[in-house]
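Content type mmCIF, C-alpha atoms and all ligand atoms, from the file target_20.cif:
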data_upload
#
loop_
_atom_site.label_atom_id
_atom_site.label_comp_id
_atom_site.auth_asym_id
_atom_site.auth_seq_id
_atom_site.Cartn_x
_atom_site.Cartn_y
_atom_site.Cartn_z
CA MET M 1 -57.99 -19.21 3.61
CA SER M 2 -56.89 -16.07 5.43
CA LYS M 3 -55.93 -16.54 9.05
CA LYS M 4 -56.41 -12.94 10.09
CA LEU M 5 -58.27 -12.22 13.29
CA TYR M 6 -60.47 -9.16 12.70
CA SER M 7 -61.22 -6.48 15.26
CA PRO M 8 -63.93 -3.78 15.47
CA THR M 9 -61.57 -1.13 14.08
CA ASP M 10 -60.72 -3.02 10.85
CA LYS M 11 -62.29 -1.70 7.66
CA MET M 12 -65.35 -3.68 6.63
CA GLY M 13 -64.37 -3.57 2.95
CA ASP M 14 -61.06 -5.28 3.75
CA LEU M 15 -62.85 -8.34 5.12
CA ILE M 16 -64.45 -9.02 1.74
CA CYS M 17 -61.28 -8.39 -0.21
CA ASP M 18 -59.39 -10.83 2.06
CA ASN M 19 -62.03 -13.55 1.93
CA TYR M 20 -64.96 -13.10 -0.46
CA SER M 21 -66.93 -15.96 1.10
CA LEU M 22 -67.57 -13.60 4.03
CA LEU M 23 -70.05 -11.83 1.74
CA GLN M 24 -72.52 -14.54 2.74
CA VAL M 25 -71.98 -13.77 6.42
CA MET M 26 -72.67 -10.09 5.78
CA SER M 27 -75.88 -10.62 3.89
CA ARG M 28 -77.11 -13.01 6.63
CA PHE M 29 -76.47 -10.28 9.19
CA ASP M 30 -78.40 -7.87 6.92
CA LEU M 31 -75.35 -5.72 6.25
CA PRO M 32 -75.75 -4.10 2.83
CA LEU M 33 -72.78 -3.35 0.58
CA GLY M 34 -71.48 0.19 0.18
CA PHE M 35 -69.30 0.29 3.30
CA GLY M 36 -67.03 3.12 2.11
CA ASP M 37 -64.07 3.31 4.49
CA TYR M 38 -66.15 2.57 7.55
CA SER M 39 -64.92 0.18 10.21
CA VAL M 40 -66.60 -3.07 11.21
CA GLU M 41 -67.87 -1.43 14.38
CA GLU M 42 -69.29 1.59 12.53
CA VAL M 43 -71.05 -0.50 9.88
CA CYS M 44 -72.53 -2.82 12.52
CA LYS M 45 -73.71 0.11 14.62
CA SER M 46 -75.38 1.91 11.73
CA ASN M 47 -77.24 -1.31 10.81
CA SER M 48 -78.14 -2.25 14.42
CA VAL M 49 -76.09 -5.47 14.25
CA ASP M 50 -74.35 -6.84 17.34
CA CYS M 51 -70.69 -6.27 16.44
CA ARG M 52 -69.26 -8.87 18.83
CA THR M 53 -71.51 -11.62 17.46
CA PHE M 54 -70.72 -10.62 13.90
CA LEU M 55 -66.97 -10.77 14.63
CA ALA M 56 -67.35 -14.06 16.51
CA VAL M 57 -68.84 -15.64 13.35
CA VAL M 58 -66.43 -13.96 10.94
CA ASN M 59 -63.34 -14.92 12.96
CA PHE M 60 -64.61 -18.45 13.60
CA ILE M 61 -64.98 -19.03 9.83
CA ASN M 62 -61.86 -17.12 8.90
CA LYS M 63 -59.65 -18.94 11.40
CA GLY M 64 -60.67 -22.33 9.99
CA TYR M 65 -63.46 -22.93 12.53
CA SER M 66 -61.36 -22.55 15.62
CA ARG M 67 -63.13 -20.93 18.52
CA THR M 68 -60.33 -19.00 20.14
CA SER M 69 -61.13 -15.35 19.72
CA PHE M 70 -64.16 -14.76 21.92
CA ALA M 71 -65.97 -15.74 25.07
CA LEU M 72 -69.44 -17.28 24.97
CA GLU M 73 -70.66 -14.19 26.81
CA ASP M 74 -69.68 -12.16 23.73
CA ILE M 75 -72.37 -13.78 21.66
CA SER M 76 -75.85 -12.39 21.36
CA ILE M 77 -77.89 -15.56 20.91
CA GLN M 78 -80.79 -13.62 19.38
CA SER M 79 -78.48 -12.10 16.81
CA LEU M 80 -76.87 -15.46 16.00
CA MET M 81 -80.29 -17.06 15.67
CA ASN M 82 -81.40 -14.37 13.21
CA TYR M 83 -78.24 -15.10 11.23
CA LEU M 84 -79.01 -18.84 11.14
CA LYS M 85 -82.64 -18.22 10.11
CA LYS M 86 -81.49 -16.03 7.24
CA ALA M 87 -79.11 -18.78 6.15
CA HIS M 88 -81.98 -21.30 6.12
CA HIS M 89 -84.01 -18.95 3.97
CA TYR M 90 -81.05 -18.55 1.60
CA PHE M 91 -80.48 -22.32 1.19
CA LEU M 92 -84.14 -23.28 0.84
CA ASP M 93 -85.48 -20.40 -1.20
CA PHE M 94 -82.49 -19.42 -3.28
CA GLN M 95 -79.43 -21.68 -3.45
CA LEU M 96 -81.02 -25.14 -3.73
CA PRO M 97 -83.78 -24.09 -6.21
CA ASN M 98 -81.07 -22.35 -8.22
CA ILE M 99 -78.99 -25.56 -8.36
CA ARG M 100 -82.06 -27.53 -9.44
CA ARG M 101 -82.78 -25.08 -12.25
CA LYS M 102 -79.21 -25.37 -13.48
CA LEU M 103 -79.23 -29.17 -13.13
CA LEU M 104 -82.30 -29.33 -15.34
CA GLU M 105 -80.56 -27.21 -17.90
CA ALA M 106 -77.38 -29.29 -17.77
CA ILE M 107 -78.63 -32.83 -17.76
CA ASP M 108 -79.77 -34.80 -20.71
CA CYS M 109 -83.55 -34.82 -20.41
CA SER M 110 -84.20 -37.38 -23.13
CA MET M 111 -86.07 -40.17 -21.38
CA ASP M 112 -83.55 -42.86 -22.31
CA ASN M 113 -81.13 -41.61 -19.70
CA ASP M 114 -81.75 -43.30 -16.33
CA VAL M 115 -78.80 -41.57 -14.69
CA THR M 116 -80.43 -38.20 -15.34
CA PHE M 117 -83.64 -39.33 -13.74
CA LEU M 118 -81.82 -40.72 -10.69
CA ILE M 119 -79.75 -37.59 -10.22
CA LEU M 120 -82.86 -35.42 -10.19
CA ARG M 121 -84.70 -37.82 -7.91
CA PHE M 122 -81.77 -37.91 -5.49
CA PHE M 123 -81.51 -34.12 -5.52
CA ASP M 124 -85.23 -33.62 -4.86
CA GLY M 125 -85.12 -36.14 -2.00
CA TYR M 126 -82.10 -34.34 -0.60
CA VAL M 127 -83.82 -30.92 -0.72
CA GLN M 128 -86.75 -32.41 1.18
CA GLU M 129 -84.38 -33.61 3.91
CA VAL M 130 -82.71 -30.21 4.15
CA ARG M 131 -86.13 -28.54 4.38
CA LYS M 132 -87.17 -30.90 7.16
CA HIS M 133 -83.89 -30.32 9.01
CA MET M 134 -84.14 -26.51 8.79
CA ASN M 135 -87.87 -26.35 9.51
CA TYR M 136 -87.22 -28.36 12.67
CA GLU M 137 -84.59 -25.86 13.75
CA ASP M 138 -86.80 -22.86 12.90
CA MET M 139 -89.90 -24.25 14.48
CA TYR M 140 -88.64 -26.15 17.54
CA VAL M 141 -85.04 -25.34 18.40
CA PHE M 142 -85.23 -21.59 17.84
CA THR M 143 -88.62 -21.37 19.52
CA TYR M 144 -87.18 -23.22 22.52
CA VAL M 145 -84.23 -20.83 22.64
CA GLU M 146 -86.43 -17.73 22.28
CA HIS M 147 -88.39 -19.03 25.21
CA LEU M 148 -85.14 -19.56 27.14
CA LEU M 149 -84.06 -16.00 26.37
CA GLN M 150 -87.22 -14.85 28.13
CA GLY M 151 -86.09 -16.79 31.19
CA GLN M 152 -88.44 -19.75 30.70
CA LYS M 153 -87.06 -23.29 30.52
CA ASP M 154 -89.11 -25.91 28.72
CA GLU M 155 -88.76 -28.96 30.96
CA GLU M 156 -89.36 -31.41 28.10
CA TYR M 157 -86.58 -30.18 25.85
CA CYS M 158 -82.92 -29.26 26.11
CA ILE M 159 -80.30 -28.27 23.57
CA ASP M 160 -78.53 -31.58 24.13
CA MET M 161 -81.48 -33.32 22.40
CA PHE M 162 -80.81 -31.18 19.34
CA VAL M 163 -77.08 -32.00 19.46
CA ARG M 164 -77.76 -35.75 19.53
CA HIS M 165 -79.89 -35.62 16.37
CA HIS M 166 -78.13 -32.90 14.44
CA ASP M 167 -77.28 -34.34 11.00
CA HIS M 168 -74.52 -33.14 8.73
CA ILE M 169 -76.71 -32.17 5.83
CA ASP M 170 -73.78 -31.30 3.59
CA GLU M 171 -72.68 -34.95 3.37
CA LYS M 172 -75.37 -36.07 0.93
CA LEU M 173 -74.54 -33.20 -1.35
CA THR M 174 -70.97 -34.51 -1.39
CA GLU M 175 -72.40 -37.85 -2.48
CA LEU M 176 -74.34 -36.24 -5.34
CA LYS M 177 -71.34 -34.23 -6.46
CA ASN M 178 -69.13 -37.32 -6.47
CA SER M 179 -71.72 -39.33 -8.40
CA ILE M 180 -71.93 -36.68 -11.10
CA ILE M 181 -68.15 -36.41 -11.33
CA LYS M 182 -67.66 -40.17 -11.51
CA TYR M 183 -70.65 -41.47 -13.42
CA TYR M 184 -72.43 -38.78 -15.37
CA PRO M 185 -71.96 -39.46 -19.08
CA ALA M 186 -70.35 -36.62 -21.01
CA ASN M 187 -72.58 -34.68 -23.39
CA GLN M 188 -72.67 -31.38 -25.17
CA ASN M 189 -73.67 -29.46 -22.02
CA ALA M 190 -70.33 -29.88 -20.27
CA HIS M 191 -69.92 -26.14 -19.58
CA VAL M 192 -73.33 -25.91 -17.96
CA MET M 193 -72.71 -29.07 -15.94
CA ASN M 194 -69.38 -27.70 -14.73
CA ALA M 195 -71.15 -24.51 -13.63
CA VAL M 196 -73.64 -26.60 -11.60
CA LEU M 197 -70.76 -28.51 -10.05
CA PHE M 198 -69.17 -25.22 -8.97
CA ASP M 199 -72.47 -24.25 -7.33
CA ILE M 200 -72.74 -27.64 -5.62
CA PHE M 201 -69.15 -27.36 -4.32
CA ASN M 202 -69.95 -23.89 -2.94
CA CYS M 203 -73.25 -24.98 -1.44
CA GLU M 204 -71.62 -28.01 0.19
CA LYS M 205 -68.95 -25.80 1.77
CA ASP M 206 -71.52 -23.24 2.86
CA LEU M 207 -73.76 -25.92 4.45
CA ALA M 208 -70.78 -27.46 6.27
CA SER M 209 -69.85 -24.01 7.56
CA HIS M 210 -73.46 -23.42 8.65
CA ASN M 211 -73.41 -26.71 10.59
CA LYS M 212 -70.18 -25.77 12.31
CA VAL M 213 -71.58 -22.39 13.38
CA GLU M 214 -74.53 -24.27 14.88
CA ASP M 215 -72.43 -26.93 16.59
CA TYR M 216 -69.54 -24.83 17.87
CA LEU M 217 -71.01 -21.34 18.43
CA PHE M 218 -74.78 -21.62 18.79
CA VAL M 219 -74.96 -24.82 20.87
CA PRO M 220 -72.27 -23.82 23.43
CA ALA M 221 -73.87 -20.37 23.80
CA VAL M 222 -77.29 -21.97 24.40
CA LEU M 223 -75.79 -24.48 26.89
CA HIS M 224 -74.34 -21.52 28.75
CA LEU M 225 -77.75 -19.79 28.73
CA GLU M 226 -79.50 -22.97 29.91
CA LYS M 227 -77.21 -23.10 32.95
CA GLU M 228 -77.84 -19.43 33.68
CA VAL M 229 -81.62 -19.84 33.44
CA ALA M 230 -81.54 -23.01 35.55
CA SER M 231 -79.59 -21.26 38.31
CA ARG M 232 -82.05 -18.34 38.24
CA VAL M 233 -85.02 -20.70 38.42
CA HIS M 234 -83.52 -22.48 41.43
CA GLU M 235 -82.85 -19.22 43.21
CA ALA M 236 -86.24 -17.68 42.56
CA PRO M 237 -89.43 -18.89 44.19
CA LYS M 238 -91.26 -21.18 41.81
CA VAL M 239 -93.63 -19.18 39.62
CA GLU M 240 -96.34 -20.93 37.65
CA THR M 241 -95.92 -19.45 34.18
CA VAL M 242 -98.81 -21.22 32.55
CA GLU M 243 -102.18 -20.56 34.08
CA VAL M 244 -104.11 -23.61 35.14
CA ASN M 245 -106.94 -23.24 32.64
CA GLU M 246 -104.50 -22.56 29.81
CA GLN M 247 -102.71 -25.82 30.68
CA GLU M 248 -106.03 -27.67 30.79
CA GLU M 249 -106.91 -26.27 27.40
CA VAL M 250 -103.58 -27.46 25.97
CA ASN M 251 -103.98 -30.92 27.54
CA LYS M 252 -107.45 -31.28 26.05
CA ASP M 253 -106.08 -30.37 22.65
CA ILE M 254 -103.69 -33.32 22.74
CA GLN M 255 -106.56 -35.75 22.25
CA ASP M 256 -108.88 -34.16 19.69
CA ASP M 257 -108.86 -32.89 16.14
CA LEU M 258 -107.88 -29.26 15.74
CA SER M 259 -109.51 -27.21 18.48
CA GLN M 260 -110.97 -23.75 18.00
CA ARG M 261 -107.91 -22.28 19.76
CA GLU M 262 -105.52 -24.14 17.44
CA LYS M 263 -107.42 -22.83 14.41
CA GLU M 264 -107.10 -19.29 15.81
CA ILE M 265 -103.36 -19.83 16.24
CA ILE M 266 -102.98 -21.12 12.65
CA THR M 267 -104.78 -18.00 11.43
CA CYS M 268 -102.39 -15.80 13.40
CA VAL M 269 -99.32 -17.69 12.14
CA VAL M 270 -100.24 -17.37 8.47
CA LYS M 271 -100.97 -13.69 9.00
CA GLY M 272 -97.28 -13.42 9.90
CA MET M 273 -97.62 -12.85 13.66
CA SER M 274 -94.75 -13.86 16.00
CA ASN M 275 -95.34 -16.09 19.04
CA LYS M 276 -95.16 -13.00 21.26
CA GLU M 277 -97.76 -11.16 19.15
CA ILE M 278 -100.05 -14.20 19.16
CA ALA M 279 -99.73 -14.50 22.95
CA GLU M 280 -100.66 -10.84 23.42
CA TYR M 281 -103.50 -11.01 20.88
CA LEU M 282 -105.09 -14.12 22.45
CA TYR M 283 -104.24 -13.20 26.08
CA ILE M 284 -102.28 -16.41 26.69
CA SER M 285 -98.64 -17.07 27.59
CA ILE M 286 -95.94 -17.61 24.96
CA HIS M 287 -95.36 -21.06 26.46
CA THR M 288 -98.99 -21.95 25.66
CA VAL M 289 -98.66 -20.64 22.10
CA ILE M 290 -95.56 -22.80 21.58
CA THR M 291 -97.31 -25.89 22.97
CA HIS M 292 -100.31 -25.27 20.70
CA ARG M 293 -98.00 -24.90 17.70
CA ARG M 294 -96.32 -28.20 18.54
CA ASN M 295 -99.70 -29.92 18.81
CA ILE M 296 -100.81 -28.41 15.49
CA ALA M 297 -97.62 -29.65 13.77
CA ARG M 298 -98.13 -33.13 15.21
CA LYS M 299 -101.83 -33.35 14.33
CA LEU M 300 -101.50 -32.02 10.79
CA GLN M 301 -98.00 -33.43 10.20
CA ILE M 302 -97.11 -30.00 8.84
CA HIS M 303 -93.96 -28.27 10.04
CA SER M 304 -93.53 -25.68 7.34
CA PRO M 305 -95.28 -22.28 7.63
CA THR M 306 -95.80 -22.41 3.86
CA LEU M 307 -97.71 -25.69 4.01
CA LEU M 308 -99.62 -24.43 7.03
CA THR M 309 -100.68 -21.50 4.89
CA VAL M 310 -101.89 -23.85 2.17
CA TYR M 311 -103.86 -25.77 4.81
CA ALA M 312 -105.38 -22.55 6.17
CA ILE M 313 -106.46 -21.34 2.72
CA VAL M 314 -107.89 -24.68 1.63
CA ASN M 315 -109.83 -24.99 4.91
CA LYS M 316 -111.03 -21.38 4.67
CA LEU M 317 -109.38 -20.29 7.94
CA VAL M 318 -108.02 -17.22 6.16
CA ASP M 319 -108.52 -15.36 2.95
CA ILE M 320 -105.50 -15.37 0.63
CA SER M 321 -105.37 -11.55 0.84
CA GLU M 322 -104.55 -11.81 4.58
CA VAL M 323 -101.60 -14.18 4.15
CA LYS M 324 -98.21 -12.81 5.16
CA VAL M 325 -96.17 -16.06 4.94
CA SER M 326 -94.56 -16.29 1.50
CA ILE M 327 -96.01 -19.11 -0.61
FE FE C 401 -79.47 -24.75 10.44
FE FE C 402 -78.55 -27.70 11.34
#
Can you give me the file's structure in the form of structure tokens?
Ligand SMILES: [Fe+2]
Ligand SMILES: [Fe+2]
Amino acid sequence: MSKKLYSPTDKMGDLICDNYSLLQVMSRFDLPLGFGDYSVEEVCKSNSVDCRTFLAVVNFINKGYSRTSFALEDISIQSLMNYLKKAHHYFLDFQLPNIRRKLLEAIDCSMDNDVTFLILRFFDGYVQEVRKHMNYEDMYVFTYVEHLLQGQKDEEYCIDMFVRHHDHIDEKLTELKNSIIKYYPANQNAHVMNAVLFDIFNCEKDLASHNKVEDYLFVPAVLHLEKEVASRVHEAPKVETVEVNEQEEVNKDIQDDLSQREKEIITCVVKGMSNKEIAEYLYISIHTVITHRRNIARKLQIHSPTLLTVYAIVNKLVDISEVKVSI
């Protein structure tokens, strides 16, 4: 791995040539190929990407995950969060389904092979865990941080709670890879199986890298923000951000089945509206929207926007033509 520390004036194309795995970082920052001879700074600027955050991630990965080249203040948390969300989308909607497709092609599907069945079952169980892990981050952690970025601290949550429960989701993939290498009986599809193994090795490395970005860049930056917000809150006179009747409405919702307000919020979510848009549309605070969404997830036991969409269609809360969440 290259040990070079990149600066804004380096050519973007050189980054890829030095370390092709940085291609993933670029696509997650929405930087399209075709850089010409433009510098990192120029490419970031023309694509409205925060250059310091981009370089913080690139240098962190490139320097073997050592956090020496930047200050926490250099990081735009919003930009880093968008990067992490894109990575989730990549793993869940592209990389893992792609590995499953190749696994199916590679393994011996004749029913007399129990190992085949177990490998697939293990993989499917693993994908479910990854989905749960990433949906939790998308739905709770990032929502909490977005709220924090607006200067509002949720008293019931802190980033330390995330740290304490943050699993290393790459480890089970290591287990699967090792099981295939050690125990999978050889057959005529060896080339295809080797290709899947390459993909699993890459995915494992990419997931481990993703975890490290969360643990060593995202979490410290959010801790720093939490302190800043807390000091602002203590300085400022206490402002009630949630109106009394909104709070009463939320409290009432804790007990019952889905309330009318919760159904309205589900409709907005599956139409693709952000928390901010929902708050403006329903004339309530973002904090209230977030609390409603938490209650909805708990009541329905649904954390994925996709499954929420299915629920909304089946229960006739929306027409399929209005749905903006991909299903
Ligand atoms: Fe993540
Ligand atoms: Fe994570």
Kindly provide the residues of chain M that approach ligand FE 401 (chain C) to within 8 Å, each paired with its closest atom pair and their distance in Å to one decimal, based on all atoms listed in the file, listed by chain and increasing number, as JSON lines.
{"residue": "M:Leu84", "atom": "CA", "partner": "C:FE401", "partner_atom": "FE", "distance": 6.0}
{"residue": "M:Lys85", "atom": "CA", "partner": "C:FE401", "partner_atom": "FE", "distance": 7.3}
{"residue": "M:Ala87", "atom": "CA", "partner": "C:FE401", "partner_atom": "FE", "distance": 7.4}
{"residue": "M:His88", "atom": "CA", "partner": "C:FE401", "partner_atom": "FE", "distance": 6.1}
{"residue": "M:His133", "atom": "CA", "partner": "C:FE401", "partner_atom": "FE", "distance": 7.3}
{"residue": "M:Met134", "atom": "CA", "partner": "C:FE401", "partner_atom": "FE", "distance": 5.3}
{"residue": "M:Glu137", "atom": "CA", "partner": "C:FE401", "partner_atom": "FE", "distance": 6.2}
{"residue": "M:Asp138", "atom": "CA", "partner": "C:FE401", "partner_atom": "FE", "distance": 8.0}
{"residue": "M:His210", "atom": "CA", "partner": "C:FE401", "partner_atom": "FE", "distance": 6.4}
{"residue": "M:Asn211", "atom": "CA", "partner": "C:FE401", "partner_atom": "FE", "distance": 6.4}
{"residue": "M:Glu214", "atom": "CA", "partner": "C:FE401", "partner_atom": "FE", "distance": 6.7}
message = List as a ChimeraX atom specification the protein and nucleic acid residues lying within 12 Å of ligand FE 402 (chain C), with only C-alpha atoms and all ligand atoms counted.
response = /M:81,84-85,87-88,91,129-138,140-142,162-170,206-216,218-219
key: Nearest residue to Val229 (chain M) from the set M:Ile284, M:Val145, M:Cys44, M:Leu80 (distances using only C-alpha atoms)   =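 Of the candidates, the smallest distance to Val229 (chain M) is held by M:Val145.
Restricting the calculation to all atoms listed in the file, the smallest distance between His147 (chain M) and any of M:Asn315, M:Asn19, M:Glu226, M:Ser48 is found for M:Glu226.
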task = Would you please work out which residue, of M:Arg121, M:Ile61, M:Glu204, M:Ile290, is nearest to Ser21 (chain M) when using all atoms listed in the file?
result =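 Of all the options, M:Ile61 lies closest to Ser21 (chain M).
In this comparison, which uses all atoms listed in the file, the residue of M:Asn194, M:Thr267, M:Gln24, M:Ser39 approaching Val57 (chain M) most closely is M:Gln24.
Closest to Leu176 (chain M) among M:Val310, M:Val127, M:Leu225, M:Ile119 is M:Ile119, based on only C-alpha atoms.
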ask   = Within 12 Å of Gln150 (chain M), counting only C-alpha atoms, which residues qualify if same-chain residues fewer than 2 places away don't, as an MDAnalysis selection string?
value = chainID M and resid 77:78 143:148 152:154 225:226 228:229 232 241 276 285:287
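CA of Ala221 (chain M) sits 5.5 Å away from CA of Leu72 (chain M).
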ask   = Which is closer to Arg294 (chain M) than all the others in M:Ile200, M:Met139, M:Leu22, M:Leu33, using all atoms listed in the file?
value =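 For Arg294 (chain M), the nearest of the given residues is M:Met139.
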request  = List every protein, DNA or RNA residue that has an atom no more than 12 Å from (-75.7, -7.1, 4.4) in the file's coordinate frame, counting only C-alpha atoms, and report them as a ChimeraX atom specification.
outcome  = /M:12-13,16,22-35,43-44,46-49,54,83,86
message = Report, in Å with one decimal, the straight-line distance from CA of Arg261 (chain M) to CA of Glu277 (chain M).
response = 15.1 Å
inquiry  = Could you list, as a VMD selection string, every residue within 12 Å of region 321-324 of chain M, counting all atoms listed in the file and ignoring same-chain residues fewer than 4 positions away?
reply    = chain M and resid 266 to 274 305 to 306 308 to 313 316 to 317
Keeping only C-alpha atoms, take the residues you just selected and write them out as a short mmCIF file (atom, residue, chain, number, x, y, z; two decimals), in the frame of the given file.
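Wrote it out as result-v4.cif, contents follow:
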data_model
loop_
_atom_site.label_atom_id
_atom_site.label_comp_id
_atom_site.auth_asym_id
_atom_site.auth_seq_id
_atom_site.Cartn_x
_atom_site.Cartn_y
_atom_site.Cartn_z
CA ILE M 266 -102.98 -21.12 12.65
CA THR M 267 -104.78 -18.00 11.43
CA CYS M 268 -102.39 -15.80 13.40
CA VAL M 269 -99.32 -17.69 12.14
CA VAL M 270 -100.24 -17.37 8.47
CA LYS M 271 -100.97 -13.69 9.00
CA GLY M 272 -97.28 -13.42 9.90
CA MET M 273 -97.62 -12.85 13.66
CA SER M 274 -94.75 -13.86 16.00
CA PRO M 305 -95.28 -22.28 7.63
CA THR M 306 -95.80 -22.41 3.86
CA LEU M 308 -99.62 -24.43 7.03
CA THR M 309 -100.68 -21.50 4.89
CA VAL M 310 -101.89 -23.85 2.17
CA TYR M 311 -103.86 -25.77 4.81
CA ALA M 312 -105.38 -22.55 6.17
CA ILE M 313 -106.46 -21.34 2.72
CA LYS M 316 -111.03 -21.38 4.67
CA LEU M 317 -109.38 -20.29 7.94
#
inquiry  = Around the point (-64.7, -12.3, 7.2) (coordinates from the file), which residues reach within 6 Å if we count all atoms listed in the file? Answer as a list of chain:residue names.
reply    = M:Leu15, M:Leu22, M:Val58, M:Asn62
query = How far is it from CA of Arg293 (chain M) to CA of Leu223 (chain M), in Å with one decimal?
reply =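 Straight-line distance from CA of Arg293 (chain M) to CA of Leu223 (chain M) works out to 24.0 Å.
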Region 37-53 of chain M rebuilt with N, CA, C and O atoms, output as a CSV table (one decimal), keeping the file's coordinate frame:
chain,number,residue,atom,x,y,z
M,37,ASP,N,-65.3,3.6,3.7
M,37,ASP,CA,-64.1,3.3,4.5
M,37,ASP,C,-64.4,3.1,5.9
M,37,ASP,O,-63.6,3.2,6.8
M,38,TYR,N,-65.7,2.8,6.2
M,38,TYR,CA,-66.2,2.6,7.6
M,38,TYR,C,-65.6,1.3,8.2
M,38,TYR,O,-65.4,0.3,7.5
M,39,SER,N,-65.4,1.4,9.5
M,39,SER,CA,-64.9,0.2,10.2
M,39,SER,C,-66.0,-0.8,10.5
M,39,SER,O,-67.2,-0.5,10.3
M,40,VAL,N,-65.6,-2.0,10.9
M,40,VAL,CA,-66.6,-3.1,11.2
M,40,VAL,C,-67.6,-2.6,12.3
M,40,VAL,O,-68.8,-2.7,12.1
M,41,GLU,N,-67.0,-1.9,13.3
M,41,GLU,CA,-67.9,-1.4,14.4
M,41,GLU,C,-68.9,-0.4,13.9
M,41,GLU,O,-70.1,-0.4,14.2
M,42,GLU,N,-68.4,0.5,13.0
M,42,GLU,CA,-69.3,1.6,12.5
M,42,GLU,C,-70.4,1.0,11.6
M,42,GLU,O,-71.6,1.4,11.8
M,43,VAL,N,-70.0,0.1,10.8
M,43,VAL,CA,-71.0,-0.5,9.9
M,43,VAL,C,-72.1,-1.3,10.7
M,43,VAL,O,-73.3,-1.2,10.5
M,44,CYS,N,-71.6,-2.0,11.7
M,44,CYS,CA,-72.5,-2.8,12.5
M,44,CYS,C,-73.5,-1.9,13.3
M,44,CYS,O,-74.7,-2.1,13.3
M,45,LYS,N,-72.9,-0.8,13.8
M,45,LYS,CA,-73.7,0.1,14.6
M,45,LYS,C,-74.8,0.8,13.7
M,45,LYS,O,-75.9,0.8,14.1
M,46,SER,N,-74.4,1.2,12.6
M,46,SER,CA,-75.4,1.9,11.7
M,46,SER,C,-76.4,1.0,11.2
M,46,SER,O,-77.5,1.4,10.7
M,47,ASN,N,-76.2,-0.3,11.3
M,47,ASN,CA,-77.2,-1.3,10.8
M,47,ASN,C,-77.9,-2.1,12.0
M,47,ASN,O,-78.5,-3.1,11.8
M,48,SER,N,-77.6,-1.6,13.2
M,48,SER,CA,-78.1,-2.2,14.4
M,48,SER,C,-77.8,-3.7,14.5
M,48,SER,O,-78.7,-4.6,14.8
M,49,VAL,N,-76.5,-4.1,14.2
M,49,VAL,CA,-76.1,-5.5,14.2
M,49,VAL,C,-75.1,-5.6,15.4
M,49,VAL,O,-74.3,-4.7,15.6
M,50,ASP,N,-75.2,-6.6,16.2
M,50,ASP,CA,-74.4,-6.8,17.3
M,50,ASP,C,-72.9,-7.1,16.8
M,50,ASP,O,-72.7,-8.2,16.2
M,51,CYS,N,-72.0,-6.2,17.0
M,51,CYS,CA,-70.7,-6.3,16.4
M,51,CYS,C,-69.9,-7.5,17.0
M,51,CYS,O,-69.2,-8.2,16.2
M,52,ARG,N,-70.0,-7.8,18.3
M,52,ARG,CA,-69.3,-8.9,18.8
M,52,ARG,C,-69.7,-10.2,18.3
M,52,ARG,O,-68.9,-11.1,18.0
M,53,THR,N,-71.0,-10.4,18.0
M,53,THR,CA,-71.5,-11.6,17.5
M,53,THR,C,-71.1,-11.7,16.0
M,53,THR,O,-70.6,-12.8,15.5
